[in-house]
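J.: Next comes the structure file model-v2.cif, holding mmCIF, C-alpha atoms and all ligand atoms.
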data_model
loop_
_atom_site.label_atom_id
_atom_site.label_comp_id
_atom_site.auth_asym_id
_atom_site.auth_seq_id
_atom_site.Cartn_x
_atom_site.Cartn_y
_atom_site.Cartn_z
CA MET A 616 0.00 0.00 0.00
CA ALA A 617 1.18 3.52 -0.65
CA ASP A 618 0.10 6.87 0.68
CA ASP A 619 0.44 10.14 -1.23
CA ASN A 620 4.20 10.31 -0.86
CA TRP A 621 5.21 6.69 -0.69
CA THR A 622 5.09 4.81 -3.95
CA ASP A 623 5.14 1.04 -4.15
CA ILE A 624 7.91 0.06 -6.58
CA GLY A 625 7.65 -3.72 -6.19
CA ALA A 626 8.00 -6.78 -3.99
CA VAL A 627 11.05 -7.15 -1.74
CA ASP A 628 11.64 -10.69 -3.06
CA ALA A 629 11.74 -9.59 -6.67
CA LEU A 630 13.74 -6.38 -6.17
CA SER A 631 16.34 -8.00 -3.91
CA ALA A 632 17.14 -10.61 -6.55
CA GLN A 633 19.43 -8.19 -8.44
CA PRO A 634 22.15 -6.02 -6.94
CA LEU A 635 21.29 -3.12 -9.28
CA GLN A 636 18.48 -2.37 -11.68
CA ARG A 637 16.73 0.45 -13.42
CA ILE A 638 13.06 1.02 -12.61
CA LYS A 639 10.74 3.49 -14.27
CA ILE A 640 7.83 4.44 -12.04
CA LYS A 641 5.43 7.28 -12.78
CA SER A 642 7.74 9.85 -14.36
CA ALA A 643 10.78 8.89 -12.28
CA ALA A 644 13.64 6.75 -13.55
CA LEU A 645 15.36 5.12 -10.57
CA ALA A 646 18.51 3.13 -9.95
CA VAL A 647 17.48 0.60 -7.31
CA SER A 648 20.21 -1.36 -5.54
CA PHE A 649 20.20 -4.09 -2.92
CA LYS A 650 23.24 -5.02 -0.85
CA ASP A 651 23.82 -6.34 2.68
CA GLY A 652 20.06 -6.50 3.27
CA GLN A 653 19.53 -2.80 2.46
CA PHE A 654 17.86 -1.12 -0.50
CA GLY A 655 19.21 2.09 -1.99
CA VAL A 656 17.29 4.26 -4.46
CA VAL A 657 18.86 7.09 -6.44
CA SER A 658 18.09 8.84 -9.71
CA ASN A 659 18.90 6.76 -12.75
CA THR A 660 20.45 9.75 -14.52
CA CYS A 661 24.20 10.24 -14.22
CA ASN A 662 25.47 13.78 -13.68
CA HIS A 663 28.06 13.48 -16.41
CA ALA A 664 26.25 12.86 -19.69
CA GLY A 665 23.00 11.32 -18.51
CA GLY A 666 24.11 7.68 -18.47
CA PRO A 667 21.66 5.13 -16.99
CA LEU A 668 23.08 4.38 -13.54
CA GLY A 669 20.68 1.46 -13.00
CA GLU A 670 22.36 -0.31 -15.91
CA GLY A 671 25.81 0.00 -14.38
CA HIS A 672 27.31 -2.18 -11.67
CA LEU A 673 28.10 -1.93 -7.98
CA ASP A 674 31.63 -1.31 -6.76
CA GLY A 675 31.17 -1.78 -3.02
CA ASP A 676 28.47 0.73 -2.12
CA TYR A 677 29.05 2.83 -5.21
CA ILE A 678 27.13 2.58 -8.46
CA THR A 679 29.49 2.70 -11.42
CA CYS A 680 27.93 4.42 -14.43
CA PRO A 681 28.02 2.11 -17.47
CA TRP A 682 28.97 4.94 -19.83
CA HIS A 683 32.20 6.46 -18.44
CA GLN A 684 32.53 4.92 -14.97
CA TRP A 685 31.67 7.89 -12.76
CA LYS A 686 30.58 6.65 -9.31
CA PHE A 687 27.77 7.60 -6.94
CA HIS A 688 26.85 6.14 -3.54
CA ARG A 689 23.96 3.80 -4.02
CA CYS A 690 22.04 5.12 -0.94
CA SER A 691 23.12 8.76 -0.46
CA GLY A 692 23.72 9.59 -4.14
CA LEU A 693 27.02 11.31 -3.20
CA GLY A 694 29.89 11.16 -5.64
CA GLU A 695 32.83 8.93 -4.83
CA PRO A 696 35.37 10.12 -2.23
CA GLY A 697 36.84 13.42 -3.36
CA PHE A 698 33.77 14.18 -5.49
CA GLU A 699 31.08 14.08 -2.78
CA GLU A 700 29.61 17.40 -3.91
CA ASP A 701 28.85 15.86 -7.27
CA ARG A 702 25.72 14.03 -6.25
CA VAL A 703 22.61 12.56 -7.82
CA PRO A 704 19.21 12.68 -6.04
CA SER A 705 18.59 9.90 -3.54
CA TYR A 706 15.13 8.90 -2.33
CA PRO A 707 13.86 7.80 1.10
CA VAL A 708 13.03 4.11 1.00
CA LYS A 709 11.23 1.76 3.43
CA ILE A 710 9.82 -1.76 3.52
CA GLU A 711 6.24 -2.54 4.49
CA ASN A 712 4.42 -5.85 4.20
CA GLY A 713 6.99 -7.30 1.84
CA ARG A 714 6.82 -4.29 -0.49
CA VAL A 715 9.46 -1.65 -1.25
CA LEU A 716 8.15 1.91 -0.88
CA VAL A 717 9.92 5.01 -2.16
CA ASP A 718 9.13 8.62 -1.29
CA LEU A 719 9.26 10.12 -4.75
CA ALA A 720 8.30 13.58 -3.49
CA HIS A 721 11.37 14.12 -1.31
CA PRO A 722 14.58 13.35 -3.13
CA THR A 723 17.80 15.06 -2.12
CA ARG A 724 18.99 17.80 -4.45
CA ARG A 725 21.09 17.03 -7.48
CA ASN A 726 24.36 18.94 -7.48
CA SER A 727 26.98 18.97 -10.17
CA LYS A 728 30.43 19.88 -9.02
CA PRO A 729 31.81 21.71 -12.01
CA HIS A 730 34.62 19.73 -13.55
CA PRO A 731 37.27 21.76 -15.30
CA PRO A 732 36.39 21.71 -19.01
CA HIS A 733 38.72 19.80 -21.29
CA PRO A 734 40.80 22.20 -23.40
CA LEU A 735 39.29 20.76 -26.58
CA GLU A 736 35.83 21.84 -25.38
CA ARG A 737 36.56 25.49 -26.05
CA LYS A 738 34.56 27.25 -28.73
CA VAL A 739 35.78 26.44 -32.22
CA GLU A 740 36.98 29.77 -33.57
CA ARG A 741 39.50 30.27 -36.29
CA GLN A 742 42.43 32.26 -34.94
CA PRO A 743 43.70 34.98 -37.27
CA GLY A 744 46.76 34.20 -39.36
CA PRO A 745 47.85 32.61 -42.60
CA PRO A 746 46.13 29.46 -43.90
CA ARG A 747 47.09 26.34 -41.97
CA LEU A 748 47.73 22.97 -43.57
CA ALA A 749 47.98 19.77 -41.49
CA GLY A 750 49.43 16.58 -42.92
CA ILE A 751 48.29 13.34 -41.36
CA SER A 752 50.61 10.39 -41.95
CA THR A 753 48.89 7.06 -41.34
CA THR A 754 51.57 4.60 -42.39
CA ALA A 755 52.85 2.19 -39.73
CA MET A 756 56.49 1.24 -39.36
CA ASP A 757 59.12 0.28 -36.82
CA ALA A 758 60.29 3.65 -35.53
CA ALA A 759 63.67 2.18 -34.56
CA ASN A 760 64.24 0.89 -38.08
CA PRO A 761 62.42 3.33 -40.34
CA ARG A 762 61.84 2.60 -44.02
CA PHE A 763 60.94 4.72 -47.01
CA SER A 764 57.22 5.39 -47.22
CA GLY A 765 55.77 6.48 -50.55
CA SER A 766 52.71 8.09 -48.96
CA ASP A 767 54.83 10.00 -46.42
CA HIS A 768 57.25 11.05 -49.13
CA LEU A 769 54.47 12.64 -51.17
CA LEU A 770 52.94 14.16 -48.05
CA MET A 771 56.26 15.93 -47.40
CA HIS A 772 56.12 17.39 -50.94
CA ALA A 773 52.58 18.61 -50.27
CA LEU A 774 53.56 20.27 -46.97
CA ALA A 775 56.65 21.84 -48.54
CA GLU A 776 54.41 23.35 -51.22
CA GLY A 777 52.10 24.63 -48.50
CA GLN A 778 55.01 26.46 -46.89
CA LYS A 779 56.04 27.91 -50.26
CA LEU A 780 52.52 29.27 -50.61
CA GLY A 781 52.75 31.02 -47.26
CA ALA A 782 50.75 28.53 -45.19
CA GLU A 783 51.66 27.32 -41.73
CA THR A 784 52.10 23.57 -41.80
CA LYS A 785 52.06 20.79 -39.27
CA LEU A 786 52.78 17.09 -39.63
CA LEU A 787 51.13 14.48 -37.43
CA LYS A 788 52.45 10.95 -37.71
CA LEU A 789 49.93 8.59 -36.17
CA ASN A 790 52.75 6.05 -35.85
CA ASP A 791 54.44 8.33 -33.28
CA LEU A 792 51.33 8.89 -31.16
CA LYS A 793 50.01 6.66 -28.39
CA ILE A 794 46.38 6.35 -29.40
CA ARG A 795 43.95 4.01 -27.69
CA PRO A 796 41.54 2.26 -30.03
CA CYS A 797 37.92 3.38 -29.98
CA GLU A 798 36.20 1.43 -27.22
CA GLY A 799 32.71 1.65 -28.64
CA TYR A 800 31.04 4.28 -26.44
CA TYR A 801 28.63 4.94 -29.30
CA SER A 802 27.67 1.27 -29.11
CA LYS A 803 26.47 1.84 -25.53
CA ALA A 804 24.33 4.82 -26.50
CA ALA A 805 24.63 7.71 -28.95
CA GLU A 806 24.97 10.16 -26.04
CA ALA A 807 27.79 8.12 -24.48
CA CYS A 808 30.00 9.07 -27.44
CA THR A 809 30.88 12.57 -26.30
CA TRP A 810 32.83 15.54 -27.61
CA PRO A 811 35.62 15.62 -26.58
CA CYS A 812 35.98 11.86 -26.98
CA SER A 813 35.20 9.89 -23.81
CA ILE A 814 38.67 8.33 -23.84
CA THR A 815 40.33 11.72 -24.28
CA GLN A 816 38.44 13.05 -21.27
CA MET A 817 39.36 10.07 -19.11
CA ASP A 818 42.93 9.34 -20.16
CA ALA A 819 45.41 12.21 -20.15
CA LYS A 820 48.05 9.94 -21.66
CA ASP A 821 46.05 9.20 -24.80
CA GLN A 822 47.45 11.33 -27.63
CA MET A 823 44.48 11.41 -29.98
CA ASP A 824 43.91 14.91 -28.57
CA GLN A 825 46.67 16.09 -30.90
CA VAL A 826 44.67 14.93 -33.91
CA TYR A 827 41.46 16.53 -32.59
CA GLU A 828 43.32 19.75 -31.84
CA ALA A 829 44.75 19.86 -35.38
CA LEU A 830 41.56 18.93 -37.22
CA VAL A 831 38.97 20.80 -35.17
CA HIS A 832 40.78 23.85 -33.84
CA TRP A 833 43.89 24.48 -35.94
CA ALA A 834 43.84 23.46 -39.59
CA ASP A 835 42.09 25.11 -42.52
CA ALA A 836 43.08 22.24 -44.78
CA ILE A 837 44.28 18.73 -44.13
CA ILE A 838 45.94 16.15 -46.34
CA VAL A 839 45.66 12.57 -45.16
CA ALA A 840 48.25 10.20 -46.61
CA THR A 841 47.79 6.44 -46.53
CA PRO A 842 49.32 3.34 -48.00
CA ILE A 843 46.96 0.68 -49.33
CA ARG A 844 46.91 -2.49 -47.24
CA TRP A 845 44.89 -5.34 -48.68
CA GLY A 846 42.73 -3.03 -50.71
CA ALA A 847 41.97 -0.65 -47.83
CA ALA A 848 43.54 2.33 -46.07
CA SER A 849 46.07 1.56 -43.34
CA SER A 850 45.14 0.17 -39.93
CA LEU A 851 46.27 3.43 -38.30
CA TYR A 852 43.94 5.35 -40.61
CA PHE A 853 41.02 3.27 -39.36
CA LYS A 854 42.15 3.62 -35.76
CA MET A 855 41.98 7.38 -36.23
CA ALA A 856 38.69 7.23 -38.15
CA GLU A 857 36.98 5.23 -35.38
CA ARG A 858 38.12 7.78 -32.80
CA LEU A 859 36.72 10.57 -35.01
CA ASN A 860 33.20 9.21 -34.58
CA CYS A 861 32.73 11.70 -31.74
CA VAL A 862 33.17 14.58 -34.20
CA GLN A 863 30.41 13.27 -36.45
CA ASN A 864 28.31 12.26 -33.46
CA ALA A 865 28.41 15.82 -32.08
CA ILE A 866 26.32 16.78 -35.13
CA THR A 867 23.92 13.91 -34.62
CA ILE A 868 23.21 14.33 -30.92
CA LYS A 869 24.00 17.98 -30.23
CA ASN A 870 23.63 19.65 -33.62
CA ASN A 871 27.17 20.87 -33.05
CA VAL A 872 29.10 21.26 -36.28
CA LEU A 873 32.76 21.19 -35.23
CA ILE A 874 34.28 21.13 -38.70
CA ARG A 875 33.46 24.31 -40.63
CA ASN A 876 35.13 25.88 -43.67
CA LYS A 877 37.73 23.14 -43.80
CA VAL A 878 39.14 21.28 -46.77
CA ALA A 879 40.46 17.73 -47.02
CA GLY A 880 42.65 16.12 -49.65
CA PHE A 881 44.18 12.65 -49.79
CA ILE A 882 47.35 10.90 -50.91
CA ILE A 883 46.97 7.19 -51.57
CA VAL A 884 49.91 4.96 -52.46
CA GLY A 885 49.57 1.25 -53.01
CA GLY A 886 51.54 -1.64 -54.29
CA GLN A 887 48.70 -3.46 -55.98
CA ASP A 888 45.40 -1.66 -56.49
CA ASN A 889 42.00 -0.44 -55.27
CA ILE A 890 42.86 3.23 -55.21
CA GLN A 891 39.33 4.19 -56.18
CA GLY A 892 37.80 2.09 -53.40
CA VAL A 893 40.14 3.58 -50.78
CA ALA A 894 39.51 7.11 -52.06
CA GLY A 895 35.76 6.52 -51.95
CA GLN A 896 35.87 5.43 -48.33
CA MET A 897 38.02 8.38 -47.30
CA LEU A 898 35.90 10.90 -49.19
CA GLY A 899 32.70 9.52 -47.70
CA PHE A 900 34.04 9.52 -44.18
CA PHE A 901 35.57 12.98 -44.20
CA SER A 902 32.46 14.43 -45.84
CA GLU A 903 30.48 13.09 -42.87
CA LEU A 904 32.75 15.01 -40.53
CA GLY A 905 31.99 18.24 -42.39
CA PHE A 906 35.08 18.60 -44.59
CA ILE A 907 34.67 19.69 -48.16
CA PHE A 908 36.87 18.88 -51.10
CA PRO A 909 38.58 20.70 -53.93
CA GLN A 910 38.02 19.56 -57.46
CA PHE A 911 40.16 16.40 -57.81
CA PRO A 912 40.63 15.82 -54.08
CA PHE A 913 43.18 13.02 -54.14
CA ILE A 914 46.34 11.92 -55.85
CA ALA A 915 47.40 8.31 -55.96
CA HIS A 916 49.87 5.83 -57.28
CA SER A 917 50.07 2.07 -57.50
CA ARG A 918 52.30 -0.37 -59.33
CA GLY A 919 49.41 -2.59 -60.35
CA TRP A 920 48.28 -6.14 -59.88
CA SER A 921 51.12 -7.98 -61.59
CA SER A 922 53.97 -5.96 -60.06
CA GLU A 923 55.49 -7.72 -57.09
CA ASP A 924 58.87 -5.99 -57.39
CA MET A 925 58.06 -3.51 -54.67
CA GLU A 926 61.65 -2.40 -54.23
CA LYS A 927 61.28 -0.82 -57.68
CA ASN A 928 58.20 0.96 -56.43
CA VAL A 929 60.28 2.69 -53.78
CA THR A 930 62.70 3.99 -56.40
CA LEU A 931 59.88 4.97 -58.69
CA VAL A 932 58.00 7.01 -56.09
CA ARG A 933 61.12 8.56 -54.61
CA ASP A 934 62.43 9.70 -57.99
CA SER A 935 59.18 10.64 -59.66
CA LYS A 936 59.00 14.35 -60.42
CA GLU A 937 55.43 13.91 -61.65
CA LEU A 938 54.22 12.46 -58.36
CA ALA A 939 56.02 15.15 -56.38
CA GLU A 940 54.39 17.81 -58.56
CA GLY A 941 51.05 16.11 -58.19
CA ALA A 942 51.36 16.27 -54.40
CA ALA A 943 52.30 19.94 -54.60
CA MET A 944 49.33 20.68 -56.84
CA LEU A 945 47.02 18.89 -54.43
CA ALA A 946 48.28 21.18 -51.65
CA GLN A 947 47.67 24.16 -53.96
CA ARG A 948 44.09 23.10 -54.65
CA CYS A 949 43.37 22.49 -50.96
CA LEU A 950 44.83 25.80 -49.83
CA GLN A 951 43.19 27.78 -52.62
CA MET A 952 39.82 26.43 -51.61
CA ALA A 953 40.55 26.95 -47.91
CA ARG A 954 41.38 30.62 -48.54
CA GLY A 955 38.06 31.11 -50.30
CA LEU A 956 36.17 29.39 -47.50
CA ILE A 957 37.84 31.42 -44.77
CA GLU A 958 36.96 34.61 -46.62
CA LYS A 959 33.32 33.72 -47.12
CA ASP A 960 32.77 31.92 -43.79
CA GLU A 961 29.49 30.49 -45.00
CA ALA A 962 29.52 27.02 -43.44
CA PRO A 963 26.63 26.40 -41.03
CA VAL A 964 27.27 26.37 -37.28
CA HIS A 965 24.24 24.17 -36.75
CA ILE A 966 22.61 22.00 -39.30
CA GLU A 967 19.09 20.73 -39.60
CA ARG A 968 19.28 16.92 -39.72
CA GLY A 969 23.06 16.75 -39.93
CA GLY A 970 24.84 14.35 -42.22
CA ARG A 971 23.05 11.17 -43.17
CA LYS A 972 20.29 11.75 -40.64
CA ALA A 973 17.75 13.23 -43.01
CA HIS A 974 14.85 12.20 -40.79
CA PRO A 975 14.20 12.90 -37.11
CA LEU A 976 16.03 10.62 -34.70
CA ASP A 977 13.94 8.12 -32.82
CA TYR A 978 16.27 7.11 -30.02
CA GLU A 979 15.03 7.75 -26.55
CA THR A 980 17.45 9.23 -24.06
CA PRO A 981 17.73 6.37 -21.56
CA ARG A 982 17.22 8.29 -18.33
S1 LIG A 1001 29.92 8.62 -16.47
FE1 LIG A 1001 27.81 8.58 -16.49
S2 LIG A 1001 27.30 9.48 -18.38
FE2 LIG A 1001 29.46 9.63 -18.34
#
Now, as a test, write the supplied structure out as structure tokens.

T.:
Amino acid sequence: MADDNWTDIGAVDALSAQPLQRIKIKSAALAVSFKDGQFGVVSNTCNHAGGPLGEGHLDGDYITCPWHQWKFHRCSGLGEPGFEEDRVPSYPVKIENGRVLVDLAHPTRRNSKPHPPHPLERKVERQPGPPRLAGISTTAMDAANPRFSGSDHLLMHALAEGQKLGAETKLLKLNDLKIRPCEGYYSKAAEACTWPCSITQMDAKDQMDQVYEALVHWADAIIVATPIRWGAASSLYFKMAERLNCVQNAITIKNNVLIRNKVAGFIIVGGQDNIQGVAGQMLGFFSELGFIFPQFPFIAHSRGWSSEDMEKNVTLVRDSKELAEGAAMLAQRCLQMARGLIEKDEAPVHIERGGRKAHPLDYETPR
């Protein structure tokens, strides 16, 4: 039985069978826990990004959020030691006649202890100055025993041309950065894939922040260089691309267009073939992030299906004036377009139904 304040949320036997569960009752979403013979009831909604606490797990008397592992006391709602002020509402709970009753009208107050914002969170604003060209090298190699890389070689020509044209340039070699693979926060829930990336926010040692910084805040144009590995871009390219999901997802869930007035070009070098397939994937992906492309947005080279004499390929690429010129012209096209875009500044800040999502989204925020 329940009076005006006390709401019956279920039988003791049933609710004590699980250490933690999410219960929706009336308009309240609750995280109900049972441990050492005692029930705890707190709001289901995490203070961080709204993760469903009732779907997490218990660490002692703390509920661990399933999205990014923030912790709240299962009875008091207080944050873990050191973060007590960061608390979620907790509800009075009592047992009567084998039923669990919760006073939904008198929760404690939610309080968010402001966490210092991550530097990447700052407003995206182009700083004045000459055009800026970032080169992203995605080839993998043993740093202690480096080898010639055709894609890197052409990327250097492109960056050198950028400097000749008065641009600032920057080279990021993914091979030199310690980057954790994407751990699938989007697979938990769209809103769990945050900007800045959940891993970046949690792990100060992860160096993907350098790529985000270059792509989102610094560059006007980027050139991504990749070898072809079994008909696809390199594994480091895909490692980066998976971690860039948060940039695309910011459009989907927050209507936040992080990439504006920016140009992308590509250098693709393979031993065998599938240049067009690799280019298609890269163009599709970077268009989803918000980059736009100059006419003829990639240059490429491959020796072809029947050429297994790859050592000749090294000589060919290294000595080819045509390929070097092609890389330089790609940089010219990218920077010319970037200059025009900076001048006009017409790219949208927000976008109705961003990217592929032409129709309204039908996910329900799981609170
Ligand atoms: S830790 Fe709960 S939503 Fe991020």

J.: Kindly indicate which residue among A:Gln816, A:Pro696, A:Leu630, A:Val715 lies nearest to ligand LIG 1001 (chain A), using all atoms listed in the file for the distances.

T.: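 Using all atoms listed in the file, the shortest distance to ligand LIG 1001 (chain A) belongs to A:Gln816.
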
J.: List as a list in words the protein and nucleic acid residues lying within 7 Å of ligand LIG 1001 (chain A), with only C-alpha atoms and all ligand atoms counted.

T.: Cys661, Asn662, His663, Ala664, Gly665, Gly666, Leu668, Cys680, Pro681, Trp682, His683, Gln684, Trp685 and Ala807 of chain A

J.: Between A:Ile890, A:Val656, A:Leu748, A:Cys949, which has the minimum distance to Gly781 (chain A) (counting all atoms listed in the file)?

T.: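 Answer, going by the shortest atom-to-atom distance: A:Leu748.
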
J.: How many Å separate CA of Asn871 (chain A) from CA of Trp810 (chain A)?

T.: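 It comes out at 9.5 Å.
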
J.: I'd like the interatomic distance between CA of Ser691 (chain A) and CA of Ala626 (chain A), to a tenth of an Å.

T.: 22.0 Å

J.: Point out the residue among A:Ile874, A:Ile751, A:Val893, A:Leu716 with the least atom-to-atom distance to Ser766 (chain A), counting only C-alpha atoms.

T.: A:Ile751

J.: Could you check the closest approach to Leu774 (chain A) for each of A:Ile640, A:Ala943, A:Ala804, A:Met952 and tell me which residue wins, using only C-alpha atoms?

T.: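 Among A:Ile640, A:Ala943, A:Ala804, A:Met952, it is A:Ala943 that comes nearest to Leu774 (chain A).
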
J.: Expressed in Å to a single decimal, how great is the separation between CA of Leu792 (chain A) and CA of Met823 (chain A)?

T.: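 It comes out at 7.4 Å.
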
J.: Which protein, DNA or RNA residues have an atom at most 9 Å from (37.7, 19.2, -39.3), counting only C-alpha atoms? List them as a list in words.

T.: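 Applying the cut-off with only C-alpha atoms, one gets Tyr827, Ala829, Leu830, Val831, His832, Trp833, Ala834, Asp835, Ala836, Ile837, Val862, Leu873, Ile874, Arg875, Asn876, Lys877, Val878, Ala879, Phe901, Leu904, Gly905 and Phe906 of chain A.
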
J.: Return as JSON lines the residues of region 746-820 of chain A lying at most 12 Å from region 907-924 of chain A, together with the closest atom-to-atom pair for each and the distance in Å to one decimal, counting only C-alpha atoms, with rows in chain order and ascending residue number.

T.:
{"residue": "A:Gly765", "atom": "CA", "partner": "A:His916", "partner_atom": "CA", "distance": 9.0}
{"residue": "A:Ser766", "atom": "CA", "partner": "A:Ala915", "partner_atom": "CA", "distance": 8.8}
{"residue": "A:Leu769", "atom": "CA", "partner": "A:Ile914", "partner_atom": "CA", "distance": 9.4}
{"residue": "A:Leu770", "atom": "CA", "partner": "A:Ile914", "partner_atom": "CA", "distance": 10.5}
{"residue": "A:Ala773", "atom": "CA", "partner": "A:Ile914", "partner_atom": "CA", "distance": 10.7}

J.: Out of A:Ala759, A:Gly697, A:His772, A:Asp651, which residue has the shortest atom-to-atom distance to Gly941 (chain A) when counting all atoms listed in the file?

T.: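 With all atoms listed in the file as the atom set, the closest residue is A:His772.
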
J.: Which residue is closest to Lys793 (chain A)? Choose from A:Ser764, A:Gln778, A:Gln896, A:Gln825 and count all atoms listed in the file.

T.: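 Result for the nearest residue to Lys793 (chain A): A:Gln825.
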
J.: Counting all atoms listed in the file, which residues come within 10 Å of (35.2, 8.4, -39.4), with the point read in the file's coordinates, and could you list them as an NGL selection string?

T.: :A and (852-864 or 896-897 or 899-904)
